[in-house]
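Trainee: Dropping in final_5.txt, which is compact mmCIF, C-alpha atoms and all ligand atoms:
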# COMPACT_ATOMS: atom_id res chain seq x y z
CA MET N 1 -8.71 -23.63 6.25
CA ASP N 2 -10.43 -21.50 3.62
CA TRP N 3 -9.61 -17.75 3.53
CA GLY N 4 -13.11 -16.66 4.61
CA MET N 5 -13.17 -18.91 7.67
CA SER N 6 -9.64 -17.91 8.59
CA HIS N 7 -10.39 -14.20 8.11
CA ARG N 8 -13.48 -14.33 10.33
CA LEU N 9 -11.64 -16.18 13.09
CA ASN N 10 -8.75 -13.70 12.92
CA GLN N 11 -11.15 -10.76 13.17
CA LEU N 12 -12.81 -12.32 16.20
CA MET N 13 -9.56 -13.32 17.90
CA PRO N 14 -6.90 -10.73 17.04
CA GLY N 15 -3.52 -12.06 18.10
CA GLY N 16 -5.22 -15.32 19.08
CA ARG N 17 -7.09 -13.77 22.02
CA CYS N 18 -10.68 -12.56 22.39
CA PHE N 19 -13.05 -10.53 24.54
CA PHE N 20 -16.61 -11.16 23.40
CA MET N 21 -19.36 -9.06 24.95
CA ALA N 22 -22.34 -11.30 25.75
CA MET N 23 -25.65 -9.50 25.37
CA ASP N 24 -27.91 -12.34 24.21
CA HIS N 25 -29.56 -12.95 27.60
CA GLY N 26 -32.98 -11.66 26.53
CA TYR N 27 -33.49 -14.65 24.25
CA PHE N 28 -34.62 -16.71 27.23
CA GLN N 29 -34.52 -14.29 30.22
CA GLY N 30 -36.40 -11.29 28.84
CA PRO N 31 -35.20 -7.82 29.84
CA THR N 32 -32.29 -8.81 32.10
CA THR N 33 -31.19 -6.16 34.61
CA GLY N 34 -28.72 -3.85 32.90
CA LEU N 35 -29.75 -4.97 29.44
CA GLU N 36 -33.19 -3.37 29.22
CA LYS N 37 -31.85 -1.08 26.48
CA PRO N 38 -29.04 -3.17 25.00
CA GLY N 39 -27.86 -0.53 22.54
CA GLU N 40 -27.33 2.06 25.28
CA THR N 41 -25.66 -0.48 27.58
CA VAL N 42 -23.13 -1.65 25.05
CA LYS N 43 -22.23 1.61 23.31
CA PRO N 44 -19.57 2.80 25.81
CA LEU N 45 -18.10 -0.73 26.00
CA LEU N 46 -17.52 -1.15 22.26
CA PRO N 47 -13.93 0.19 22.21
CA TYR N 48 -12.81 -2.54 24.62
CA VAL N 49 -14.34 -5.67 23.09
CA ASP N 50 -13.52 -7.74 20.02
CA ALA N 51 -17.07 -8.81 19.12
CA LEU N 52 -20.70 -8.66 20.24
CA PHE N 53 -22.71 -11.79 20.93
CA CYS N 54 -26.41 -11.12 20.37
CA THR N 55 -29.58 -12.26 18.62
CA ARG N 56 -30.79 -10.90 15.30
CA GLY N 57 -33.55 -8.99 17.11
CA VAL N 58 -31.16 -7.00 19.26
CA LEU N 59 -28.74 -6.56 16.37
CA ARG N 60 -31.38 -5.03 14.09
CA SER N 61 -33.07 -2.93 16.77
CA SER N 62 -30.14 -1.75 18.86
CA ILE N 63 -26.77 -1.91 17.11
CA ASP N 64 -25.66 0.82 14.72
CA PRO N 65 -24.93 -0.83 11.35
CA SER N 66 -22.12 1.66 10.76
CA SER N 67 -20.20 -0.05 13.59
CA SER N 68 -17.36 -2.27 12.36
CA LYS N 69 -17.47 -4.50 15.45
CA PRO N 70 -17.75 -8.18 14.42
CA ILE N 71 -20.99 -9.91 15.36
CA ILE N 72 -21.46 -13.42 16.71
CA LEU N 73 -25.08 -14.23 16.17
CA ARG N 74 -26.93 -16.31 18.77
CA VAL N 75 -28.90 -18.75 16.60
CA SER N 76 -30.37 -21.20 19.10
CA GLY N 77 -33.38 -20.58 21.33
CA GLY N 78 -37.10 -21.22 21.55
CA THR N 79 -37.22 -21.69 25.34
CA SER N 80 -37.70 -19.39 28.34
CA MET N 81 -37.02 -19.12 32.07
CA VAL N 82 -40.70 -19.82 32.75
CA GLY N 83 -41.06 -22.70 30.31
CA LYS N 84 -40.75 -26.43 30.97
CA ASP N 85 -37.12 -27.05 30.03
CA LEU N 86 -34.40 -24.60 28.99
CA ALA N 87 -32.60 -27.40 27.16
CA ASN N 88 -35.32 -27.90 24.55
CA GLU N 89 -33.77 -25.47 22.06
CA VAL N 90 -34.05 -25.32 18.28
CA ILE N 91 -32.08 -23.44 15.64
CA THR N 92 -33.85 -20.09 15.31
CA THR N 93 -32.04 -18.38 12.44
CA SER N 94 -31.61 -19.44 8.83
CA ILE N 95 -28.30 -19.39 6.96
CA GLU N 96 -29.72 -16.72 4.63
CA GLU N 97 -30.37 -14.49 7.66
CA ILE N 98 -26.89 -15.20 9.09
CA ILE N 99 -25.31 -14.11 5.79
CA ARG N 100 -27.69 -11.15 5.35
CA LEU N 101 -26.69 -9.84 8.78
CA ASN N 102 -23.00 -10.23 7.92
CA ALA N 103 -22.31 -12.33 11.01
CA SER N 104 -18.67 -13.20 11.64
CA ALA N 105 -19.69 -16.34 13.55
CA VAL N 106 -22.71 -17.99 15.13
CA GLY N 107 -23.27 -19.35 18.63
CA ILE N 108 -25.47 -22.28 19.61
CA SER N 109 -26.08 -23.96 22.97
CA VAL N 110 -25.89 -27.69 23.61
CA PHE N 111 -27.19 -29.33 26.78
CA ILE N 112 -25.16 -32.48 27.33
CA GLY N 113 -26.59 -34.86 29.94
CA SER N 114 -30.07 -33.30 29.63
CA ASP N 115 -33.23 -34.87 28.20
CA TYR N 116 -32.45 -32.92 25.03
CA GLU N 117 -28.81 -33.94 24.63
CA LYS N 118 -29.35 -35.63 21.26
CA GLU N 119 -31.55 -32.89 19.83
CA THR N 120 -29.15 -30.10 20.77
CA LEU N 121 -26.14 -32.03 19.47
CA LYS N 122 -28.07 -32.63 16.24
CA ASN N 123 -28.80 -28.88 16.06
CA LEU N 124 -25.07 -28.22 16.40
CA SER N 125 -24.10 -30.78 13.75
CA GLU N 126 -26.63 -29.45 11.25
CA LEU N 127 -25.57 -25.87 11.89
CA VAL N 128 -21.91 -26.84 11.31
CA ASN N 129 -22.88 -28.61 8.07
CA THR N 130 -24.59 -25.45 6.81
CA CYS N 131 -22.16 -22.81 8.09
CA GLU N 132 -18.99 -24.60 6.93
CA ASP N 133 -20.25 -24.26 3.33
CA TYR N 134 -20.04 -20.47 3.75
CA GLY N 135 -16.90 -20.23 5.88
CA ILE N 136 -18.81 -19.12 8.96
CA PRO N 137 -17.40 -20.44 12.26
CA VAL N 138 -19.75 -22.08 14.76
CA MET N 139 -19.10 -21.49 18.46
CA ALA N 140 -20.72 -24.17 20.61
CA ILE N 141 -21.85 -23.23 24.10
CA THR N 142 -21.81 -25.93 26.74
CA ALA N 143 -24.94 -24.83 28.57
CA VAL N 144 -26.20 -26.15 31.89
CA GLY N 145 -29.52 -24.32 32.18
CA LYS N 146 -30.42 -23.87 35.83
CA GLU N 147 -28.10 -26.68 36.99
CA LEU N 148 -25.09 -24.50 37.78
CA GLU N 149 -23.55 -27.22 39.98
CA LYS N 150 -22.70 -29.19 36.81
CA ARG N 151 -19.79 -26.80 36.19
CA GLU N 152 -16.89 -29.06 37.15
CA ALA N 153 -13.90 -30.17 35.09
CA ARG N 154 -14.88 -33.74 34.15
CA TYR N 155 -18.28 -32.69 32.85
CA LEU N 156 -16.95 -29.58 31.08
CA ALA N 157 -14.10 -31.56 29.48
CA LEU N 158 -16.60 -34.12 28.19
CA CYS N 159 -18.82 -31.40 26.73
CA CYS N 160 -15.99 -29.43 25.11
CA ARG N 161 -14.53 -32.50 23.46
CA ILE N 162 -17.88 -33.67 22.11
CA VAL N 163 -18.76 -30.32 20.51
CA ALA N 164 -15.28 -30.02 18.99
CA GLU N 165 -15.62 -33.54 17.54
CA LEU N 166 -18.94 -32.48 15.98
CA GLY N 167 -17.23 -29.59 14.21
CA ALA N 168 -17.47 -26.48 16.39
CA ARG N 169 -14.62 -24.06 15.53
CA ALA N 170 -14.60 -22.68 19.09
CA VAL N 171 -16.21 -23.63 22.39
CA LYS N 172 -17.60 -21.38 25.05
CA THR N 173 -17.60 -23.10 28.41
CA TYR N 174 -17.54 -22.30 32.10
CA TRP N 175 -14.37 -21.78 34.07
CA CYS N 176 -13.94 -24.12 37.05
CA GLU N 177 -11.64 -23.73 40.00
CA LYS N 178 -10.14 -27.21 39.88
CA ASP N 179 -8.50 -28.77 36.81
CA PHE N 180 -9.61 -26.20 34.24
CA GLU N 181 -6.37 -26.94 32.35
CA LYS N 182 -7.71 -30.47 31.75
CA VAL N 183 -10.81 -29.01 30.09
CA VAL N 184 -8.64 -26.97 27.72
CA ARG N 185 -6.12 -29.77 27.12
CA GLY N 186 -8.82 -32.20 26.01
CA CYS N 187 -10.33 -29.78 23.51
CA PRO N 188 -8.75 -29.47 20.05
CA VAL N 189 -10.34 -26.07 19.28
CA PRO N 190 -10.05 -22.72 21.11
CA VAL N 191 -11.84 -22.50 24.45
CA VAL N 192 -13.55 -19.27 25.49
CA VAL N 193 -14.52 -18.74 29.14
CA ALA N 194 -18.18 -17.89 29.82
CA GLY N 195 -19.28 -15.64 32.65
CA GLY N 196 -22.14 -16.52 34.92
CA PRO N 197 -24.08 -14.61 37.57
CA LYS N 198 -22.48 -11.42 38.88
CA CYS N 199 -19.61 -12.08 41.32
CA GLU N 200 -19.38 -10.42 44.75
CA THR N 201 -16.25 -8.44 43.89
CA GLU N 202 -14.43 -7.21 40.80
CA LEU N 203 -11.25 -8.97 41.93
CA GLU N 204 -13.08 -12.30 41.88
CA VAL N 205 -13.90 -11.74 38.19
CA PHE N 206 -10.32 -10.73 37.37
CA GLU N 207 -9.00 -13.80 39.18
CA PHE N 208 -11.14 -16.35 37.35
CA VAL N 209 -10.53 -14.73 33.97
CA TYR N 210 -6.77 -14.60 34.58
CA ASP N 211 -6.70 -18.21 35.75
CA GLY N 212 -8.70 -19.34 32.71
CA ILE N 213 -6.29 -17.60 30.32
CA GLN N 214 -3.22 -18.92 32.17
CA LYS N 215 -4.64 -22.42 31.81
CA GLY N 216 -5.05 -22.10 28.06
CA ALA N 217 -8.35 -20.39 27.28
CA VAL N 218 -8.10 -17.90 24.40
CA GLY N 219 -10.44 -15.39 25.94
CA ILE N 220 -13.80 -14.59 27.47
CA ASN N 221 -17.45 -14.16 26.61
CA LEU N 222 -18.74 -12.12 29.52
CA GLY N 223 -21.92 -10.18 30.10
CA ARG N 224 -23.39 -9.58 33.54
CA ASN N 225 -20.05 -9.18 35.31
CA VAL N 226 -19.35 -6.29 32.96
CA TRP N 227 -22.60 -4.43 32.28
CA GLN N 228 -24.25 -5.07 35.66
CA ASN N 229 -21.27 -3.39 37.32
CA PRO N 230 -21.92 0.32 38.07
CA ASN N 231 -18.50 0.95 36.51
CA ALA N 232 -18.98 -1.14 33.39
CA GLU N 233 -16.44 0.77 31.29
CA ALA N 234 -13.76 0.36 33.93
CA MET N 235 -14.57 -3.38 34.09
CA ALA N 236 -14.31 -3.71 30.32
CA LYS N 237 -11.00 -1.86 30.25
CA ALA N 238 -9.51 -4.01 33.04
CA LEU N 239 -10.72 -7.26 31.46
CA ARG N 240 -9.28 -6.26 28.10
CA ALA N 241 -5.91 -5.79 29.79
CA ILE N 242 -6.01 -9.36 31.16
CA VAL N 243 -7.06 -10.86 27.85
CA HIS N 244 -4.85 -8.89 25.48
CA ASP N 245 -1.97 -7.59 27.62
CA ASN N 246 -1.57 -10.43 30.12
CA ALA N 247 -2.34 -8.14 33.07
CA THR N 248 -2.46 -9.90 36.44
CA PRO N 249 -5.60 -9.69 38.62
CA LYS N 250 -3.84 -7.06 40.76
CA GLN N 251 -2.88 -4.98 37.71
CA ALA N 252 -6.42 -5.32 36.36
CA HIS N 253 -7.81 -4.19 39.70
CA ASP N 254 -5.55 -1.13 39.62
CA ILE N 255 -6.76 -0.35 36.09
CA PHE N 256 -10.34 -0.74 37.30
CA ASN N 257 -9.81 1.55 40.28
CA GLY N 258 -8.01 4.12 38.16
CA SER N 259 -10.77 4.14 35.57
CA LYS N 260 -13.92 4.00 37.62
CA LYS N 261 -16.41 6.80 38.03
CA THR N 262 -15.89 9.41 40.69
CA HIS N 263 -18.60 11.79 41.84
CA HIS N 264 -17.14 14.18 39.24
CA GLY N 265 -17.70 11.67 36.42
CA TYR N 266 -15.21 9.26 34.89
CA SER N 267 -11.62 9.51 35.99
CA LYS N 268 -8.67 8.43 33.93
CA VAL N 269 -10.62 6.35 31.38
CA ASP N 270 -8.61 6.21 28.21
CA VAL N 271 -11.32 6.21 25.56
CA SER N 272 -8.80 5.70 22.80
CA VAL N 273 -8.33 1.99 23.74
C1 LIG X 1 -25.17 -18.10 27.53
O1 LIG X 1 -24.94 -18.59 26.52
C2 LIG X 1 -25.67 -16.75 27.80
O2 LIG X 1 -26.64 -16.44 26.93
C3 LIG X 1 -24.56 -15.71 27.86
O3 LIG X 1 -24.04 -15.40 26.60
C4 LIG X 1 -23.45 -16.20 28.75
O4 LIG X 1 -23.99 -16.75 29.91
C5 LIG X 1 -22.44 -15.12 29.09
O5 LIG X 1 -23.02 -14.09 29.80
P1 LIG X 1 -22.81 -13.93 31.38
O6 LIG X 1 -21.38 -13.51 31.56
O7 LIG X 1 -23.76 -12.87 31.80
O8 LIG X 1 -23.11 -15.25 32.01
Step by step, read the file and then write its structure as structure tokens.
Mentor:
Amino acid sequence: MDWGMSHRLNQLMPGGRCFFMAMDHGYFQGPTTGLEKPGETVKPLLPYVDALFCTRGVLRSSIDPSSSKPIILRVSGGTSMVGKDLANEVITTSIEEIIRLNASAVGISVFIGSDYEKETLKNLSELVNTCEDYGIPVMAITAVGKELEKREARYLALCCRIVAELGARAVKTYWCEKDFEKVVRGCPVPVVVAGGPKCETELEVFEFVYDGIQKGAVGINLGRNVWQNPNAEAMAKALRAIVHDNATPKQAHDIFNGSKKTHHGYSKVDVSV
């Protein structure tokens, strides 16, 4: 592997693990709850995460360029929640723009099993062809659009393997309760666990993240379960402990409880992390 590619991957996954903060939702959902002002939402979370996942629009408008946090640029889109089909994506961002913005990686969705399977896999292949020339890793996202019930091991394993075969350097996919280890085992590149709609409890989030890591995922790319929580900083701190320090769900929950806001303000948050 060339030095540039290796350097970017090491920056994104220090020690082989990663906590990516997903904040790209506006590209098809508009101003998602909690992300109306993305810069303000993410600022207190920056010390806990390894990279930000966002579009060029949010990067330019909302992220301080003096920040050294690596950026994974979302470069697919062109659809919306109110449009005909979320799967009908195109590549939205040129290689010149990716380089100009100093992205450490790019992310692109594929919709396997949809009417646009071939188009989105072609988008991925072409993006890999271009980005590999410049040592920029491509993270493929196995998206399901509104069909959340597709998130089971056989389907996810199929998707992860296909995108790895097409050249993705990492895959972001959903965690599933049963046989997630088979998804990871069948994928020759690092697997990152995606989030999903906000869970009922914090413990539920800690449990699925912990399980995913135990079964071989290298980390997480989470959004709503962090910044839609009223104690987003405490969530970020607890999740970081699972990803980077192998904390159990119980230990993470204790960290969360010890760090969450009281009526006096924040208690026990260690901002030096
Ligand atoms: C999918 O690719 C989305 O745009 C998000 O990046 C992804 O769903 C992770 O965010 P969340 O944890 O809110 O689902």
Trainee: As a PyMOL selection string, please: every protein or nucleic acid residue near ligand LIG 1 (chain X) (cut-off 9 Å, counting only C-alpha atoms and all ligand atoms).
Mentor: chain N and resi 21-29+53-54+74+107-109+141-143+145+172-174+193-198+220-228
Trainee: So, with all atoms listed in the file as the atoms that count, which of N:Leu12, N:Ile242, N:Ile255, N:Leu35 lies closest to Asp211 in chain N?
Mentor: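 Residue with the minimum atom-to-atom distance to Asp211 in chain N: N:Ile242.
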Trainee: N:Gly77, N:Val189, N:Ser104, N:Val243: which is nearest Val171 in chain N, counting all atoms listed in the file?
Mentor: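 So, comparing all the options, the nearest one is N:Val189.
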Trainee: Would you compute the distance between CA of Ile91 in chain N and CA of Cys131 in chain N? Give it in Å to one decimal.
Mentor: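 Here the two named atoms are 12.5 Å from each other.
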